[in-house]
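J.: Can you keep this structure in mind? I'll have questions shortly.
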There are 2 protein chains.
Amino acid sequence: MPVLKPYRPDSRHLSALSAIVGEGHVGTSDPVRMTYARDCHTIGILRTCEGQFPFPPDFVVWPADEGQVIRLVRYAGENRIPIIPFGAGSGVCRGVDPILGGLVIDLKRMNRILDLDAESLLVRVQAGMIGETFERELNHRGFTAGHFPSSIYCSTVGGWVATRAAGQLSTKYGKIEDIVCALSVVLPSGNVLRTDRVARMPHGPDLDQVFTGSEGTLGVITDATLRIRPAPESRQFLAFNFPDVAAGTEAIRRVLRHNVLPAAVRLYDELDTMLVGRSGKGGGGMLDFLPVPDVMKFLRSVIPGAVKSSRRTVMTRANLLNRVAPYMRDGCLLILTFEGETNLTALEVSVAQSVCEGAGGRMLGPDPARHWWENRYHVSFKQSKVMDAGAFVDTIEVATTWDRLMKLYAAVREGVSRHAFIMAHFSHAYPEGCSIYFTFVTAAKDAQAAGVLHHRVWAAAMEACDQVGATISHHHGVGLSKAEWMAQELGQAFPIHRAIKEILDPRNVMNPGKLGFA
Amino acid sequence: MPVLKPYRPDSRHLSALSAIVGEGHVGTSDPVRMTYARDCHTIGILRTCEGQFPFPPDFVVWPADEGQVIRLVRYAGENRIPIIPFGAGSGVCRGVDPILGGLVIDLKRMNRILDLDAESLLVRVQAGMIGETFERELNHRGFTAGHFPSSIYCSTVGGWVATRAAGQLSTKYGKIEDIVCALSVVLPSGNVLRTDRVARMPHGPDLDQVFTGSEGTLGVITDATLRIRPAPESRQFLAFNFPDVAAGTEAIRRVLRHNVLPAAVRLYDELDTMLVGRSGKGGGGMLDFLPVPDVMKFLRSVIPGAVKSSRRTVMTRANLLNRVAPYMRDGCLLILTFEGETNLTALEVSVAQSVCEGAGGRMLGPDPARHWWENRYHVSFKQSKVMDAGAFVDTIEVATTWDRLMKLYAAVREGVSRHAFIMAHFSHAYPEGCSIYFTFVTAAKDAQAAGVLHHRVWAAAMEACDQVGATISHHHGVGLSKAEWMAQELGQAFPIHRAIKEILDPRNVMNPGKLGFA
C-alpha cells in the first residue's frame, strides 16, 4: 500500500481556501493528493505502479465559478503558494506535476456552455467541460467544434487551449489555436483578461495566441469562445496502400495542394501497417485500437524475451526489428476521411482518389478507414495494459515542413532505434507540413531504470529534431518533460517568452517549471 | 513653395549613419524629409496640399541588408533616436508619422525573394519588396500568395505584416496573419528574432502573432515567410441584387456556412450601389473604380454646393441624403469571385448561386463582378482627385461578428451621418463575422478645419464600435490616428500590450506613439 510522507495541511491556508470554495471543495487527503500528483506521463504511471508519488500537491480545490478562481489566485499569489490549473489530467508531458507542491485548481465544476451564437457560429464554454460532453452537446444542437483528440473522454476544453491541442480531424478543422476566438483568463494579478470575440484580430499582439499553449504558466483559463460549424451532413472513407512512407507522404502533400482537406489523414509506416494487418482489423496503428494482448504477442514473437526480460536483450532485438522494418512487404496504409456537405465531399473524395492513385497508391476501399473511425478513441485506454504486460510505451509527436519530413522521420528513427522498438504514423497534415507521431516500446526492470532509458530515447528524438529543423512537439505540449529542450527550440524567442512570463507572473507562482520556465 | 523649418542634421549622427549604410543611402534634404513626413492619412494629405509638414524625420536611411538594420537599430537605440520602420508609406492611419523626428528606416532596398520552397508552399521574402512585384514573381513561378490589398502597387510585404493587412480575397486566403508562417525581426536590443517556419506552432506564446500587427513598435521586420498556393487554374464571377443590406449579408453568412469560401465578397449598400449604377460600369463602389469626375458630378447633383461650398451646407445636405438612402430602390449589389481548381470552383459557384437565390437575391450574371475584378486596384489612386475637387474622403473599416453586424452598420451610419455623407460595403467575410468598409465624404475650408471635422467623424464611429462591440479596425491598423481609442478597445489586454512593449523596447525608441503606446 503506497503512502505519502506524513503531512499536515497548514490550517490557516485550509481555512482560507475553505472560505473561498466551501469546505467540501478542498481536498487534502492522501488519495486526493495521490490522484493529483501527476498526469499520464509514462514514467509517472510507472512510479505510481510502484507506489511512488514524488510530487503531491498540498491542496486541491474545485471552484464553482470564475469569482472563486480570482480569489484563489489572489490568495495563493499573496502567500507565494504555487498554483497548478488542472483540467482532466490526461496530458502526457508532466504539464500538471506539482513539483513544488502547492494548490491544484481543478476546473471541472466549471463545465457549462455559457453561450451558443448559432448565427456567428461561436460557442463560449467553461474551461472545465469534458471534451466529449461538450461535443455531444454541440451535436444535439446541430453543430460540431471539429476538435477530436483521442483523449476526448478524459480532457477538458481548458486543457485543449492550455496545451495547443490538436484533434484527429485537424487537417480540416485546424488545431485548437485555429478554433479559439476569445478567452477569459484569470491573470496572476487576480485581474481578468477577457478578449473580445472578433471577426479577426485587427492589431498585434494577439493575446489569444499568447495564452493558447501557455500551459497554466501565465494564468488560469476560465472559459473559451470557440468557432463551431454545422454538423457535417455526410462522411466518407478512403484507404490506400503505398509502397513506402515516402510515396504515401507525397500523396498526402499533393492532395492538400489541390485545396482538398480531408478530415482525418493517417499514414502508417511499414511496422505500424504490419501490426495493423496482423490484428486482422485493418486501419489503426498499434496503440490506436489493436487489442493489446495481440500487440504483446506480436512483440514476443518477433523479439523473444522482449517483455519480462532484461533491458539489454530487448534493446538488441528491438534494434534488429527496427532495421528490418523498411524491407517489410506490407507497404504503408493511408486512411482518409472526408466530411461536410454531400456534394463537396463527393468531389473531394474523387480528387483525392485520383491524386493518390496517380502517386502510386493502391485503392483499398473504405473499410480500413471506417474501422479506424469506429475505434478512434481507444488509444487513451490501452497504456495500462501494455504496462501490465511488463513493457512501457510512449509517443513522440513532432512536426516539420514537407521538405524536411523524410529527413525527420529517418533521423528520429535512427536516434531512437538504438534504445527502443519504434514505429510511426503521419497525421495532422497541412499544406506546409505534417506531424509524425512516433510510438516507441521498450522495457526496463523498474521505474527508475525506465526513467533513465526513457530520457535517453527522448534526448535522441529531440536531438534529431534540432538537427533536421523540426518542432519538438506538435500537440501534446511541453510540460516538464520537454522543458529542457525549450531554449534550444526557441533560440532568440526564449528570452522573450521568459520576459512575458516575468511581467505577467512576477511572483512565479503559476505552474512552476513548465514550458521551460525555471 | 512649402519649406521646412531650417534644419542642420547632427554631424556626428550623419557620419555614423553614413558609415553604416554608405553616404549615398542617407537622406536629410528637405524633399526627402517632406516625403517621409507622413503616410496617406487624409489630413496629412490635406496638410501637404497646404505646404504643412509638421513631423519631418531627421534622417532617412535605405539599408541594404539585415546586418545594416541591426547596426542602425543599435546606434539609434544607444543614442535615443526614434526609429520609424518604413515600407511604402501607403498606410492611412498615420502609422509612420515621425512625431518626434528621428530615423526613418526605409526597407525598400531589401526587396528580394530569399527562398521559395515549392514543396512546402512557403516563400521567404524580404520586408521591402513591393506587393505587386512579389505577387508577379510568384505568378511567374506558378504560385500565388493570395494577398491582394488595393494598395498592392504601393505597399510592401513588411508593411502588410506590420499592419495585419487584409487582401481583397481574404475570405478564401485569410488575412496576412493567417498567411505568415515565420518572421525575422531586428529587436530594439539589436538582436535578431528568427522564428522557425513550422507546420504549426506547438507551444504558446506564438511570437509571430505578437509581432504581426506591431506596427514597428516592437522591432523592425526584415523578412517574412509566407504560405503560398498553386496559382488558381480557373476563376469565376457572380453577382446578385438584394433588396437591402440585411438580406445581402444574410446570404453571405449562409454561403460561408456551407464551407464554400468565395475569394472576393463585396456587398454594396444602397448608396454605394446607386453610385455604381450611375457610373454605368457596374460592380465597384464609389472609390473603388468609378471615375472621380462622375462621383463629384453626382455629389453636386444631389447635394447642390456639396463641393467648393461652406462646411455647413455640405453637412446639412449630406445628412438629408443619408436619410434618404435606405429608401432607394436600386437595392444592394453583391459580387462574388471564386478561384481554384476548375471542378471545385464550379461546385462552389453552384452552391453559392442556389444559396443567394434562396435568400432573395436576383442573379445579375458575371459582368458586375468581372468588372470589379478588372478595376480592383484603382482605389488607391483616386483620393487626390477627390481632394482636387474640394472635398475630402476617408474610409473606416471595422468588424464584428454576424450577430452584431446590422447593429454596427446602423450605429456607425447614425453616428457619422450628422457630419458627413456616408456609404459602405461589406467585405472580408468569415464564418464568424464580417468587416464593414465605410466611406465618408465631406468638406471643410482648410486642413485645420478638416482635421477637426475628421476627428469628429472618427470619434462618432469609434464610439459606435464600442457601444455595439466591434473592433475599431479590421486591416488598416491603428497608427496614431486610432491610438486614443486603444485603451477602450483592449480593456484588460491594454496593460499587457504595454508591458510587452516595455520589455522589448525599454528605451521607447520604436515608432513612438503608434498602437496607443505613449
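How things are named: the first chain in the C-alpha cells is A, the next is B, and so on; residues count from 1 in each chain; ligands count from 1 in the order shown.
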Among stretch 353-505 of chain B, which residues carry a DSSP assignment of strand (DSSP E), reported as a short mmCIF file (atom, residue, chain, number, x, y, z; two decimals) with all heavy atoms, in the first residue's frame?
T.:
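Result file result.cif:
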data_model
loop_
_atom_site.label_atom_id
_atom_site.label_comp_id
_atom_site.auth_asym_id
_atom_site.auth_seq_id
_atom_site.Cartn_x
_atom_site.Cartn_y
_atom_site.Cartn_z
N ARG B 362 -31.38 38.40 -56.65
CA ARG B 362 -31.70 38.29 -58.07
C ARG B 362 -30.37 38.23 -58.82
O ARG B 362 -29.54 39.12 -58.70
CB ARG B 362 -32.52 39.50 -58.52
CG ARG B 362 -32.92 39.50 -59.99
CD ARG B 362 -34.00 40.57 -60.25
NE ARG B 362 -33.59 41.90 -59.74
CZ ARG B 362 -32.81 42.75 -60.42
NH1 ARG B 362 -32.36 42.45 -61.63
NH2 ARG B 362 -32.49 43.93 -59.88
N MET B 363 -30.19 37.14 -59.58
CA MET B 363 -28.94 36.89 -60.27
C MET B 363 -28.71 37.93 -61.36
O MET B 363 -29.59 38.22 -62.16
CB MET B 363 -29.03 35.49 -60.87
CG MET B 363 -27.97 35.13 -61.83
SD MET B 363 -26.48 34.55 -60.99
CE MET B 363 -25.83 33.51 -62.31
N PHE B 392 -13.12 66.16 -49.11
CA PHE B 392 -12.16 65.15 -48.68
C PHE B 392 -12.91 63.88 -48.28
O PHE B 392 -14.09 63.90 -47.95
CB PHE B 392 -11.21 65.65 -47.59
CG PHE B 392 -11.83 65.85 -46.23
CD1 PHE B 392 -11.86 64.82 -45.31
CD2 PHE B 392 -12.33 67.09 -45.86
CE1 PHE B 392 -12.39 65.02 -44.03
CE2 PHE B 392 -12.87 67.29 -44.61
CZ PHE B 392 -12.91 66.25 -43.69
N VAL B 393 -12.18 62.81 -48.35
CA VAL B 393 -12.77 61.49 -48.22
C VAL B 393 -11.89 60.66 -47.30
O VAL B 393 -10.69 60.88 -47.21
CB VAL B 393 -12.88 60.86 -49.63
CG1 VAL B 393 -11.51 60.67 -50.24
CG2 VAL B 393 -13.62 59.55 -49.59
N ASP B 394 -12.50 59.75 -46.57
CA ASP B 394 -11.71 58.79 -45.80
C ASP B 394 -12.54 57.52 -45.65
O ASP B 394 -13.74 57.50 -45.94
CB ASP B 394 -11.36 59.37 -44.41
CG ASP B 394 -10.22 58.60 -43.74
OD1 ASP B 394 -9.59 57.73 -44.38
OD2 ASP B 394 -9.94 58.89 -42.55
N THR B 395 -11.87 56.46 -45.23
CA THR B 395 -12.56 55.18 -45.06
C THR B 395 -12.37 54.69 -43.64
O THR B 395 -11.36 54.95 -43.00
CB THR B 395 -12.00 54.14 -46.03
OG1 THR B 395 -10.59 54.01 -45.83
CG2 THR B 395 -12.26 54.54 -47.47
N ILE B 396 -13.38 54.00 -43.15
CA ILE B 396 -13.37 53.47 -41.78
C ILE B 396 -13.71 51.99 -41.89
O ILE B 396 -14.82 51.65 -42.30
CB ILE B 396 -14.43 54.17 -40.91
CG1 ILE B 396 -14.21 55.69 -40.88
CG2 ILE B 396 -14.43 53.60 -39.49
CD1 ILE B 396 -15.31 56.46 -40.15
N GLU B 397 -12.78 51.13 -41.56
CA GLU B 397 -13.03 49.70 -41.70
C GLU B 397 -13.09 49.08 -40.32
O GLU B 397 -12.13 49.08 -39.57
CB GLU B 397 -11.98 49.01 -42.58
CG GLU B 397 -10.64 49.64 -42.64
CD GLU B 397 -9.89 49.52 -41.33
OE1 GLU B 397 -9.50 48.40 -40.97
OE2 GLU B 397 -9.68 50.58 -40.68
N VAL B 398 -14.24 48.58 -39.98
CA VAL B 398 -14.46 47.99 -38.67
C VAL B 398 -15.01 46.58 -38.87
O VAL B 398 -15.32 46.19 -39.99
CB VAL B 398 -15.45 48.86 -37.85
CG1 VAL B 398 -14.83 50.22 -37.57
CG2 VAL B 398 -16.77 49.02 -38.59
N ALA B 399 -15.11 45.82 -37.81
CA ALA B 399 -15.58 44.44 -37.98
C ALA B 399 -16.23 43.94 -36.72
O ALA B 399 -15.90 44.36 -35.61
CB ALA B 399 -14.40 43.53 -38.33
N THR B 400 -17.15 43.02 -36.91
CA THR B 400 -17.75 42.35 -35.75
C THR B 400 -18.33 41.01 -36.19
O THR B 400 -18.28 40.65 -37.36
CB THR B 400 -18.81 43.23 -35.07
OG1 THR B 400 -19.10 42.69 -33.77
CG2 THR B 400 -20.10 43.32 -35.88
N THR B 401 -18.86 40.30 -35.21
CA THR B 401 -19.47 39.00 -35.51
C THR B 401 -20.84 39.22 -36.16
O THR B 401 -21.43 40.29 -36.07
CB THR B 401 -19.61 38.19 -34.20
OG1 THR B 401 -20.14 39.04 -33.19
CG2 THR B 401 -18.23 37.70 -33.75
N PHE B 421 -21.37 62.67 -45.52
CA PHE B 421 -22.06 61.78 -46.44
C PHE B 421 -21.39 60.42 -46.30
O PHE B 421 -20.16 60.31 -46.39
CB PHE B 421 -21.89 62.37 -47.84
CG PHE B 421 -22.41 61.55 -48.95
CD1 PHE B 421 -23.77 61.28 -49.08
CD2 PHE B 421 -21.54 61.04 -49.91
CE1 PHE B 421 -24.24 60.53 -50.14
CE2 PHE B 421 -22.01 60.30 -50.98
CZ PHE B 421 -23.37 60.04 -51.08
N ILE B 422 -22.16 59.36 -46.01
CA ILE B 422 -21.53 58.08 -45.71
C ILE B 422 -22.18 56.93 -46.47
O ILE B 422 -23.41 56.90 -46.65
CB ILE B 422 -21.54 57.79 -44.18
CG1 ILE B 422 -20.81 56.48 -43.87
CG2 ILE B 422 -22.95 57.79 -43.62
CD1 ILE B 422 -20.50 56.28 -42.39
N MET B 423 -21.36 56.05 -46.95
CA MET B 423 -21.85 54.83 -47.59
C MET B 423 -20.93 53.70 -47.17
O MET B 423 -19.92 53.92 -46.50
CB MET B 423 -21.85 54.99 -49.09
CG MET B 423 -20.47 55.11 -49.69
SD MET B 423 -20.55 55.61 -51.41
CE MET B 423 -20.70 57.36 -51.20
N ALA B 424 -21.25 52.49 -47.57
CA ALA B 424 -20.44 51.36 -47.09
C ALA B 424 -20.54 50.17 -48.01
O ALA B 424 -21.51 50.03 -48.77
CB ALA B 424 -20.91 50.94 -45.70
N HIS B 425 -19.52 49.35 -47.96
CA HIS B 425 -19.68 47.99 -48.46
C HIS B 425 -19.21 47.00 -47.41
O HIS B 425 -18.43 47.34 -46.52
CB HIS B 425 -19.00 47.77 -49.82
CG HIS B 425 -17.52 47.90 -49.82
ND1 HIS B 425 -16.87 49.02 -50.28
CD2 HIS B 425 -16.56 47.03 -49.45
CE1 HIS B 425 -15.56 48.83 -50.18
NE2 HIS B 425 -15.34 47.64 -49.67
N PHE B 426 -19.72 45.79 -47.51
CA PHE B 426 -19.37 44.70 -46.62
C PHE B 426 -18.41 43.79 -47.37
O PHE B 426 -18.73 43.31 -48.46
CB PHE B 426 -20.62 43.90 -46.21
CG PHE B 426 -21.63 44.73 -45.46
CD1 PHE B 426 -22.42 45.66 -46.12
CD2 PHE B 426 -21.79 44.58 -44.09
CE1 PHE B 426 -23.36 46.43 -45.43
CE2 PHE B 426 -22.72 45.34 -43.39
CZ PHE B 426 -23.49 46.28 -44.06
N SER B 427 -17.24 43.60 -46.81
CA SER B 427 -16.29 42.69 -47.46
C SER B 427 -15.50 41.99 -46.38
O SER B 427 -15.75 42.17 -45.21
CB SER B 427 -15.37 43.47 -48.40
OG SER B 427 -14.77 44.54 -47.73
N HIS B 428 -14.51 41.16 -46.78
CA HIS B 428 -13.74 40.40 -45.79
C HIS B 428 -14.69 39.65 -44.85
O HIS B 428 -14.75 39.93 -43.65
CB HIS B 428 -12.81 41.32 -44.98
CG HIS B 428 -11.97 42.21 -45.85
ND1 HIS B 428 -10.93 41.73 -46.61
CD2 HIS B 428 -12.04 43.54 -46.11
CE1 HIS B 428 -10.39 42.73 -47.28
NE2 HIS B 428 -11.04 43.84 -47.01
N ALA B 429 -15.45 38.75 -45.43
CA ALA B 429 -16.41 37.96 -44.66
C ALA B 429 -15.77 36.65 -44.21
O ALA B 429 -14.97 36.06 -44.92
CB ALA B 429 -17.64 37.67 -45.52
N TYR B 430 -16.12 36.24 -43.01
CA TYR B 430 -15.62 34.99 -42.43
C TYR B 430 -16.80 34.23 -41.84
O TYR B 430 -17.85 34.83 -41.59
CB TYR B 430 -14.60 35.29 -41.33
CG TYR B 430 -13.54 36.28 -41.75
CD1 TYR B 430 -13.63 37.63 -41.38
CD2 TYR B 430 -12.47 35.89 -42.56
CE1 TYR B 430 -12.67 38.54 -41.78
CE2 TYR B 430 -11.52 36.80 -42.97
CZ TYR B 430 -11.61 38.13 -42.58
OH TYR B 430 -10.67 39.02 -42.98
N GLY B 433 -17.98 36.30 -38.83
CA GLY B 433 -18.33 37.71 -38.90
C GLY B 433 -17.82 38.36 -40.16
O GLY B 433 -17.40 37.68 -41.10
N CYS B 434 -17.83 39.69 -40.16
CA CYS B 434 -17.57 40.40 -41.40
C CYS B 434 -17.07 41.81 -41.09
O CYS B 434 -17.35 42.37 -40.03
CB CYS B 434 -18.88 40.48 -42.19
SG CYS B 434 -18.72 41.07 -43.87
N SER B 435 -16.34 42.35 -42.01
CA SER B 435 -15.89 43.73 -41.90
C SER B 435 -16.88 44.64 -42.63
O SER B 435 -17.55 44.22 -43.56
CB SER B 435 -14.50 43.85 -42.53
OG SER B 435 -14.18 45.18 -42.82
N ILE B 436 -17.00 45.86 -42.17
CA ILE B 436 -17.75 46.88 -42.93
C ILE B 436 -16.78 47.98 -43.29
O ILE B 436 -16.04 48.48 -42.42
CB ILE B 436 -18.92 47.49 -42.12
CG1 ILE B 436 -19.73 46.42 -41.40
CG2 ILE B 436 -19.82 48.31 -43.05
CD1 ILE B 436 -20.91 46.98 -40.59
N TYR B 437 -16.79 48.34 -44.54
CA TYR B 437 -15.86 49.34 -45.04
C TYR B 437 -16.66 50.60 -45.37
O TYR B 437 -17.31 50.67 -46.41
CB TYR B 437 -15.18 48.77 -46.28
CG TYR B 437 -13.90 49.46 -46.68
CD1 TYR B 437 -12.68 49.03 -46.18
CD2 TYR B 437 -13.90 50.52 -47.59
CE1 TYR B 437 -11.49 49.64 -46.55
CE2 TYR B 437 -12.71 51.14 -47.97
CZ TYR B 437 -11.51 50.69 -47.45
OH TYR B 437 -10.33 51.28 -47.82
N PHE B 438 -16.64 51.54 -44.45
CA PHE B 438 -17.38 52.78 -44.66
C PHE B 438 -16.53 53.78 -45.43
O PHE B 438 -15.32 53.89 -45.19
CB PHE B 438 -17.75 53.43 -43.32
CG PHE B 438 -18.78 52.66 -42.53
CD1 PHE B 438 -18.38 51.80 -41.52
CD2 PHE B 438 -20.13 52.79 -42.82
CE1 PHE B 438 -19.33 51.09 -40.78
CE2 PHE B 438 -21.09 52.09 -42.09
CZ PHE B 438 -20.68 51.23 -41.07
N THR B 439 -17.16 54.52 -46.32
CA THR B 439 -16.51 55.63 -46.98
C THR B 439 -17.30 56.89 -46.63
O THR B 439 -18.52 56.89 -46.74
CB THR B 439 -16.52 55.45 -48.51
OG1 THR B 439 -15.84 54.24 -48.83
CG2 THR B 439 -15.85 56.62 -49.21
N PHE B 440 -16.61 57.89 -46.14
CA PHE B 440 -17.34 59.14 -45.90
C PHE B 440 -16.70 60.28 -46.69
O PHE B 440 -15.50 60.28 -46.96
CB PHE B 440 -17.47 59.46 -44.40
CG PHE B 440 -16.20 59.88 -43.71
CD1 PHE B 440 -15.81 61.22 -43.71
CD2 PHE B 440 -15.44 58.96 -43.03
CE1 PHE B 440 -14.65 61.63 -43.05
CE2 PHE B 440 -14.28 59.35 -42.36
CZ PHE B 440 -13.88 60.68 -42.38
N VAL B 441 -17.56 61.19 -47.10
CA VAL B 441 -17.10 62.35 -47.86
C VAL B 441 -17.68 63.58 -47.20
O VAL B 441 -18.86 63.61 -46.84
CB VAL B 441 -17.61 62.31 -49.32
CG1 VAL B 441 -17.00 63.45 -50.13
CG2 VAL B 441 -17.30 60.98 -49.97
N THR B 442 -16.87 64.58 -47.03
CA THR B 442 -17.37 65.85 -46.53
C THR B 442 -16.38 66.93 -46.98
O THR B 442 -15.49 66.65 -47.79
CB THR B 442 -17.61 65.81 -45.00
OG1 THR B 442 -18.22 67.02 -44.60
CG2 THR B 442 -16.32 65.59 -44.22
#
J.: Compute the chain A side of the contact with chain B at 6 Å, counting only C-alpha atoms, and hand it back as a PyMOL selection string.
T.: chain A and resi 119-121+193+198-199+202-206+209-210+212-214+400-403+432-433+473-475+492
J.: Measuring between only C-alpha atoms, which one of A:Ile130, A:Val21, A:Val349, A:Val60 shows the shortest distance to A:Tyr153?
T.: A:Ile130
J.: My list of candidates is A:Val186, A:Met406, A:Leu226, A:Val457. Which is closest to A:Gly67 when distances are computed with only C-alpha atoms?
T.: A:Val186
J.: Please provide as a ChimeraX atom specification all residues within 6 Å of stretch 155-160 of chain A, with the sequence filter that same-chain residues fewer than 5 positions apart are discarded (counting only C-alpha atoms).
T.: /A:87-88,90,127-131,165
J.: Tell me, in Å to one decimal, how far atom CA of A:Ile20 is from atom CA of A:Val104.
T.: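 Taking atom CA of A:Ile20 and atom CA of A:Val104, their separation equals 14.2 Å.
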J.: At a cut-off of 6 Å, using only C-alpha atoms, what residues contact B:Ala460? Leave out same-chain residues fewer than 3 positions from it and give the result as a ChimeraX atom specification.
T.: /B:415-416,457,463
J.: So what do you get for atom CA of B:Pro149 versus atom CA of B:Leu333, distance-wise?
T.: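 Spanning atom CA of B:Pro149 to atom CA of B:Leu333 is a straight-line distance of 21.0 Å.
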J.: One number please: atom CA of B:Ala76 to atom CA of B:Val509, in Å, one decimal.
T.: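 Computed distance, atom CA of B:Ala76 to atom CA of B:Val509, equals 7.9 Å.
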J.: A:Val96: which residues within 10 Å, counting only C-alpha atoms, same-chain residues fewer than 4 positions away excluded, as a PyMOL selection string?
T.: chain A and resi 36-40+83-92+104+215-216+479-480+511-514
J.: My list of candidates is A:Pro56, A:Gly190, A:Leu138, A:Met110. Which is closest to A:Ile70 when distances are computed with only C-alpha atoms?
T.: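 Answer, going by the shortest atom-to-atom distance: A:Gly190.
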J.: As a ChimeraX atom specification, please: every residue in stretch 128-297 of chain B that a backbone DSSP assignment puts in alpha helix (DSSP H).
T.: /B:131-140,157-163,170-173,176-179,208-211,245-257,270-278,286-289,292-297
J.: Write out as a list in words which residues come within 12 Å of B:Trp62 when counting only C-alpha atoms, dropping same-chain ones fewer than 6 positions away.
T.: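 Within the cut-off, the hits are Leu17, Ser18, Ile20, Val21, Gly22, Glu23, Gly24, His25, Val26, Gly27, Thr28, Val32, Gln68, Val69, Leu72, Pro85, Phe86, Gly87, Leu103, Val104, Ile105, Asp106, Leu107, Lys108, Arg109, Met110, Asn111 and Gly128 of chain B.
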